[in-house]
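Engineer: For reference, this is data-v8.txt, and it has compact mmCIF, C-alpha atoms and all ligand atoms.
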# COMPACT_ATOMS: atom_id res chain seq x y z
CA MET A 208 89.77 70.96 79.84
CA MET A 209 88.12 72.56 82.84
CA TYR A 210 87.16 75.91 81.43
CA ASN A 211 84.92 74.80 78.56
CA SER A 212 81.64 76.21 79.84
CA ASP A 213 83.30 79.53 80.66
CA MET A 214 84.75 79.69 77.18
CA ALA A 215 81.33 79.30 75.67
CA LYS A 216 80.03 82.20 77.76
CA THR A 217 82.86 84.68 77.58
CA GLY A 218 84.61 84.02 74.27
CA PRO A 219 88.42 84.06 74.39
CA LYS A 220 90.12 81.77 76.84
CA PRO A 221 89.53 82.82 80.46
CA ILE A 222 92.50 83.45 82.69
CA PRO A 223 92.84 80.73 85.36
CA TRP A 224 92.28 81.93 88.94
CA GLN A 225 95.89 81.11 89.81
CA ASP A 226 96.92 83.91 87.45
CA ARG A 227 94.28 86.37 88.60
CA ILE A 228 94.45 86.10 92.37
CA MET A 229 97.22 88.65 93.02
CA ARG A 230 95.66 91.28 90.79
CA HIS A 231 92.99 92.27 93.26
CA VAL A 232 94.96 92.15 96.48
CA SER A 233 96.30 95.28 98.12
CA PRO A 234 98.79 95.37 100.98
CA GLU A 235 97.98 97.01 104.31
CA PRO A 236 101.18 98.62 105.64
CA ASN A 237 100.46 98.30 109.37
CA SER A 238 99.44 94.70 109.62
CA GLY A 239 100.98 93.27 106.46
CA CYS A 240 97.53 91.97 105.54
CA TRP A 241 96.82 91.36 101.85
CA LEU A 242 93.32 92.70 101.51
CA TRP A 243 91.02 91.41 98.82
CA GLU A 244 89.48 94.29 96.88
CA ARG A 245 86.76 92.49 94.96
CA SER A 246 83.69 90.50 95.96
CA HIS A 247 83.18 89.42 99.54
CA ASN A 248 80.68 86.98 100.94
CA GLY A 249 78.28 87.84 103.78
CA VAL A 250 80.89 87.50 106.53
CA GLY A 251 83.67 89.41 104.79
CA TYR A 252 85.71 86.63 103.19
CA GLY A 253 86.94 87.40 99.69
CA THR A 254 85.53 85.28 96.88
CA LEU A 255 86.89 84.60 93.40
CA GLY A 256 85.35 82.87 90.40
CA VAL A 257 87.21 79.65 89.64
CA GLY A 258 85.49 78.68 86.40
CA ASN A 259 82.29 76.81 85.53
CA GLY A 260 80.25 79.48 87.33
CA LYS A 261 81.73 78.50 90.69
CA SER A 262 83.41 80.76 93.19
CA ALA A 263 85.68 79.93 96.11
CA LEU A 264 87.04 81.65 99.22
CA VAL A 265 90.14 83.64 98.38
CA HIS A 266 92.10 82.89 101.57
CA ARG A 267 91.49 79.20 101.00
CA LEU A 268 92.65 79.43 97.39
CA MET A 269 95.77 81.26 98.54
CA TRP A 270 96.47 78.53 101.09
CA GLU A 271 96.14 75.87 98.39
CA LEU A 272 98.38 77.81 96.06
CA THR A 273 101.15 78.15 98.64
CA ASN A 274 100.75 75.06 100.84
CA GLY A 275 98.73 72.51 98.89
CA PRO A 276 95.23 71.11 99.43
CA VAL A 277 93.32 71.69 102.67
CA PRO A 278 92.78 68.32 104.45
CA ASP A 279 89.17 67.21 104.98
CA GLY A 280 87.54 68.71 108.06
CA MET A 281 90.22 71.40 108.45
CA PHE A 282 89.67 75.13 108.07
CA VAL A 283 91.98 77.87 106.87
CA CYS A 284 92.02 80.40 109.74
CA HIS A 285 93.38 83.94 110.08
CA ARG A 286 96.04 84.85 112.65
CA CYS A 287 95.23 88.50 111.96
CA ASP A 288 91.43 88.22 112.39
CA MET A 289 90.88 90.00 109.07
CA PRO A 290 88.47 87.95 106.95
CA PRO A 291 89.40 89.71 103.65
CA CYS A 292 93.14 89.05 104.23
CA CYS A 293 94.83 86.37 102.11
CA ASN A 294 98.50 86.83 103.06
CA PRO A 295 99.74 83.22 103.27
CA ASP A 296 101.80 84.23 106.34
CA HIS A 297 98.62 85.13 108.22
CA LEU A 298 96.86 81.85 107.53
CA PHE A 299 96.99 78.60 109.43
CA LEU A 300 95.12 75.31 109.32
CA GLY A 301 92.85 74.55 112.24
CA THR A 302 89.74 72.74 113.35
CA PRO A 303 86.73 74.84 114.37
CA GLY A 304 87.87 74.28 117.99
CA ASP A 305 91.36 75.61 117.26
CA ASN A 306 89.83 78.70 115.77
CA MET A 307 87.91 79.46 118.98
CA ARG A 308 90.92 78.83 121.23
CA ASP A 309 93.04 81.01 119.01
CA MET A 310 90.57 83.88 119.26
CA HIS A 311 90.58 83.68 123.05
CA ALA A 312 94.37 83.63 123.14
CA LYS A 313 94.51 86.73 120.96
CA GLY A 314 91.90 88.49 123.09
CA ARG A 315 94.21 88.16 126.08
CA TYR A 316 97.14 89.38 124.06
CA VAL A 317 95.37 92.50 122.81
CA SER A 318 94.16 93.44 126.29
CA ASN A 319 97.79 93.45 127.47
CA SER A 320 98.79 97.09 127.05
CA ALA A 321 102.43 96.19 127.75
CA ALA A 322 102.57 95.04 124.12
CA LEU A 323 102.37 98.68 123.04
CA THR A 324 105.50 99.73 124.90
CA LYS A 325 107.65 96.77 123.89
CA PRO A 326 111.23 97.69 122.96
CA ALA A 327 111.22 95.45 119.88
CA CYS A 328 108.80 94.21 117.22
CA LYS A 329 107.51 90.65 117.33
CA ARG A 330 110.42 89.51 115.17
CA GLY A 331 112.89 91.07 117.60
CA HIS A 332 113.94 94.19 115.65
CA PRO A 333 114.48 97.02 118.14
CA PHE A 334 112.15 100.03 117.93
CA THR A 335 114.98 102.52 117.56
CA LYS A 336 114.35 105.95 116.09
CA GLU A 337 115.72 104.86 112.71
CA ASN A 338 113.74 101.64 112.65
CA THR A 339 110.38 103.10 113.69
CA ALA A 340 107.75 104.58 111.41
CA ILE A 341 104.28 105.75 112.40
CA TYR A 342 101.29 104.70 110.30
CA GLY A 343 97.77 105.58 111.37
CA GLY A 344 98.98 106.32 114.90
CA HIS A 345 100.70 102.92 115.29
CA ARG A 346 104.37 102.12 115.51
CA VAL A 347 105.63 100.10 112.57
CA CYS A 348 108.97 98.30 112.42
CA ARG A 349 110.69 99.53 109.26
CA GLU A 350 112.69 96.35 108.85
CA CYS A 351 109.54 94.23 108.86
CA PHE A 352 107.73 96.77 106.71
CA ASN A 353 110.46 96.64 104.07
CA ALA A 354 110.52 92.86 104.15
CA ARG A 355 106.75 92.85 103.59
CA ALA A 356 107.12 95.25 100.67
CA ARG A 357 109.76 93.00 99.07
CA ARG A 358 107.56 89.97 99.57
CA TRP A 359 104.64 91.79 98.09
CA ARG A 360 106.56 92.85 94.97
CA ALA A 361 107.91 89.32 94.54
CA ALA A 362 104.40 87.88 94.72
CA LYS A 363 103.14 90.37 92.15
CA LYS A 364 106.06 89.57 89.86
CA ALA A 365 105.53 85.82 90.24
CA GLN A 366 102.03 86.34 88.94
CA TYR A 367 103.33 87.50 85.58
CA SER A 368 106.42 85.31 85.29
CA GLY A 369 104.47 82.11 85.96
CA ALA A 370 106.78 81.18 88.87
CA PRO A 371 105.03 79.22 91.63
CA LEU A 372 104.01 81.70 94.35
CA ARG A 373 105.04 79.33 97.08
CA ALA A 374 108.65 79.06 95.93
CA VAL A 375 108.89 82.83 95.54
CA LEU A 376 107.43 83.59 98.98
CA GLN A 377 109.59 81.05 100.77
CA GLY A 378 112.60 83.20 99.95
CA PHE A 379 111.46 85.79 102.53
ZN ZN B 401 96.24 89.42 107.57
ZN ZN B 402 110.55 93.97 112.78
Could you write out this file's structure as structure tokens?
Structural biologist:
Amino acid sequence: MMYNSDMAKTGPKPIPWQDRIMRHVSPEPNSGCWLWERSHNGVGYGTLGVGNGKSALVHRLMWELTNGPVPDGMFVCHRCDMPPCCNPDHLFLGTPGDNMRDMHAKGRYVSNSAALTKPACKRGHPFTKENTAIYGGHRVCRECFNARARRWRAAKKAQYSGAPLRAVLQGF
């Protein structure tokens, strides 16, 4: 079994990373990012011990947990540009070149102030009075916000029920 050396160091059987990963993630209401609260490496990516004294990047572990192994030469990139985020919805596979192109594309998007006066959120829910909340000075679509909260609770629950995260998250 994989965790032998850890067992020798820490006594009772260590909890596998798959069962620990959601414990240290907190949701960010504006962006829907799942921010890692524990250790970060030098450039802000979350890291988690995976046994045998090794640690791995949290967003990469989350990708593997929800989508399967990362193919050789590919990187797990962030749509949201938040290195500590590990929301599987914000992650995509890319080459280093894709990552650069993506950043440029987003730069153009952000500089377009028309985005701030759009009548609907990016999923097409209208910004009506009832459907609009303000967080930190930004408009938030309530419908999307509620969907993110449901997703978040489901992911937390999956952690304790042993259900595969991927199956749970696909329901949203
Ligand atoms: Zn994010
Ligand atoms: Zn919405």
Engineer: Within 9 Å of ligand ZN 402 (chain B), counting all atoms listed in the file, which protein or nucleic acid residues do you find, written as a PyMOL selection string?
Structural biologist: chain A and resi 327-334+338+347-352+354
Engineer: Could you save the residues just selected, with C-alpha atoms, as a PDB file, in the frame of the given file?
Structural biologist:
ATOM      1  CA  ALA A 327     111.220  95.450 119.880  1.00  0.00           C
ATOM      2  CA  CYS A 328     108.800  94.210 117.220  1.00  0.00           C
ATOM      3  CA  LYS A 329     107.510  90.650 117.330  1.00  0.00           C
ATOM      4  CA  ARG A 330     110.420  89.510 115.170  1.00  0.00           C
ATOM      5  CA  GLY A 331     112.890  91.070 117.600  1.00  0.00           C
ATOM      6  CA  HIS A 332     113.940  94.190 115.650  1.00  0.00           C
ATOM      7  CA  PRO A 333     114.480  97.020 118.140  1.00  0.00           C
ATOM      8  CA  PHE A 334     112.150 100.030 117.930  1.00  0.00           C
ATOM      9  CA  ASN A 338     113.740 101.640 112.650  1.00  0.00           C
ATOM     10  CA  VAL A 347     105.630 100.100 112.570  1.00  0.00           C
ATOM     11  CA  CYS A 348     108.970  98.300 112.420  1.00  0.00           C
ATOM     12  CA  ARG A 349     110.690  99.530 109.260  1.00  0.00           C
ATOM     13  CA  GLU A 350     112.690  96.350 108.850  1.00  0.00           C
ATOM     14  CA  CYS A 351     109.540  94.230 108.860  1.00  0.00           C
ATOM     15  CA  PHE A 352     107.730  96.770 106.710  1.00  0.00           C
ATOM     16  CA  ALA A 354     110.520  92.860 104.150  1.00  0.00           C
TER      17      ALA A 354
END
Engineer: Residues contacting ligand ZN 401 (chain B) - anything with an atom at most 12 Å away, using only C-alpha atoms and all ligand atoms - can you give me those as a PyMOL selection string?
Structural biologist: chain A and resi 232-243+252+266+284-299+355
Engineer: Dump C-alpha atoms for the selected residues as an mmCIF file, keeping the file's coordinate frame?
Structural biologist:
data_model
loop_
_atom_site.group_PDB
_atom_site.id
_atom_site.type_symbol
_atom_site.label_atom_id
_atom_site.label_comp_id
_atom_site.auth_asym_id
_atom_site.auth_seq_id
_atom_site.Cartn_x
_atom_site.Cartn_y
_atom_site.Cartn_z
ATOM 1 C CA VAL A 232 94.960 92.150 96.480
ATOM 2 C CA SER A 233 96.300 95.280 98.120
ATOM 3 C CA PRO A 234 98.790 95.370 100.980
ATOM 4 C CA GLU A 235 97.980 97.010 104.310
ATOM 5 C CA PRO A 236 101.180 98.620 105.640
ATOM 6 C CA ASN A 237 100.460 98.300 109.370
ATOM 7 C CA SER A 238 99.440 94.700 109.620
ATOM 8 C CA GLY A 239 100.980 93.270 106.460
ATOM 9 C CA CYS A 240 97.530 91.970 105.540
ATOM 10 C CA TRP A 241 96.820 91.360 101.850
ATOM 11 C CA LEU A 242 93.320 92.700 101.510
ATOM 12 C CA TRP A 243 91.020 91.410 98.820
ATOM 13 C CA TYR A 252 85.710 86.630 103.190
ATOM 14 C CA HIS A 266 92.100 82.890 101.570
ATOM 15 C CA CYS A 284 92.020 80.400 109.740
ATOM 16 C CA HIS A 285 93.380 83.940 110.080
ATOM 17 C CA ARG A 286 96.040 84.850 112.650
ATOM 18 C CA CYS A 287 95.230 88.500 111.960
ATOM 19 C CA ASP A 288 91.430 88.220 112.390
ATOM 20 C CA MET A 289 90.880 90.000 109.070
ATOM 21 C CA PRO A 290 88.470 87.950 106.950
ATOM 22 C CA PRO A 291 89.400 89.710 103.650
ATOM 23 C CA CYS A 292 93.140 89.050 104.230
ATOM 24 C CA CYS A 293 94.830 86.370 102.110
ATOM 25 C CA ASN A 294 98.500 86.830 103.060
ATOM 26 C CA PRO A 295 99.740 83.220 103.270
ATOM 27 C CA ASP A 296 101.800 84.230 106.340
ATOM 28 C CA HIS A 297 98.620 85.130 108.220
ATOM 29 C CA LEU A 298 96.860 81.850 107.530
ATOM 30 C CA PHE A 299 96.990 78.600 109.430
ATOM 31 C CA ARG A 355 106.750 92.850 103.590
#
Engineer: Find the distance between atom CA of Val283 of chain A and atom CA of Arg267 of chain A and write it in Å to one decimal.
Structural biologist: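 Separating atom CA of Val283 of chain A from atom CA of Arg267 of chain A is a distance of 6.0 Å.
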Engineer: What is the distance between atom CA of Gly304 of chain A and atom CA of Val277 of chain A, in Å to one decimal?
Structural biologist: 16.5 Å
Engineer: Between A:Leu272, A:His345, A:Thr302, A:Arg245, single out the one closest to Ala362 of chain A, counting all atoms listed in the file.
Structural biologist: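 Among the listed residues, A:Leu272 lies closest to Ala362 of chain A.
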Engineer: Separation of atom CA of Pro278 of chain A and atom CA of Ala365 of chain A, in Å?
Structural biologist: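 Separation of atom CA of Pro278 of chain A and atom CA of Ala365 of chain A: 25.9 Å.
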Engineer: N, CA and C atoms are what I want for segment 343-355 of chain A; can you complete it accordingly and write them as a short mmCIF file (atom, residue, chain, number, x, y, z; two decimals), in the coordinates of the input?
Structural biologist:
data_model
loop_
_atom_site.label_atom_id
_atom_site.label_comp_id
_atom_site.auth_asym_id
_atom_site.auth_seq_id
_atom_site.Cartn_x
_atom_site.Cartn_y
_atom_site.Cartn_z
N GLY A 343 99.09 105.59 110.75
CA GLY A 343 97.77 105.58 111.37
C GLY A 343 97.86 105.56 112.90
N GLY A 344 98.86 106.23 113.45
CA GLY A 344 98.98 106.32 114.90
C GLY A 344 99.64 105.10 115.54
N HIS A 345 100.06 104.12 114.74
CA HIS A 345 100.70 102.92 115.29
C HIS A 345 102.18 102.89 114.93
N ARG A 346 102.95 102.31 115.83
CA ARG A 346 104.37 102.12 115.51
C ARG A 346 104.51 100.96 114.54
N VAL A 347 105.37 101.16 113.54
CA VAL A 347 105.63 100.10 112.57
C VAL A 347 107.13 99.88 112.51
N CYS A 348 107.55 98.64 112.56
CA CYS A 348 108.97 98.30 112.42
C CYS A 348 109.35 98.44 110.95
N ARG A 349 110.30 99.31 110.67
CA ARG A 349 110.69 99.53 109.26
C ARG A 349 111.27 98.27 108.63
N GLU A 350 112.05 97.55 109.41
CA GLU A 350 112.69 96.35 108.85
C GLU A 350 111.63 95.35 108.39
N CYS A 351 110.63 95.14 109.23
CA CYS A 351 109.54 94.23 108.86
C CYS A 351 108.73 94.81 107.70
N PHE A 352 108.51 96.11 107.76
CA PHE A 352 107.73 96.77 106.71
C PHE A 352 108.41 96.58 105.36
N ASN A 353 109.73 96.80 105.33
CA ASN A 353 110.46 96.64 104.07
C ASN A 353 110.44 95.20 103.59
N ALA A 354 110.56 94.28 104.52
CA ALA A 354 110.52 92.86 104.15
C ALA A 354 109.17 92.53 103.54
N ARG A 355 108.09 93.11 104.12
CA ARG A 355 106.75 92.85 103.59
C ARG A 355 106.61 93.44 102.19
#
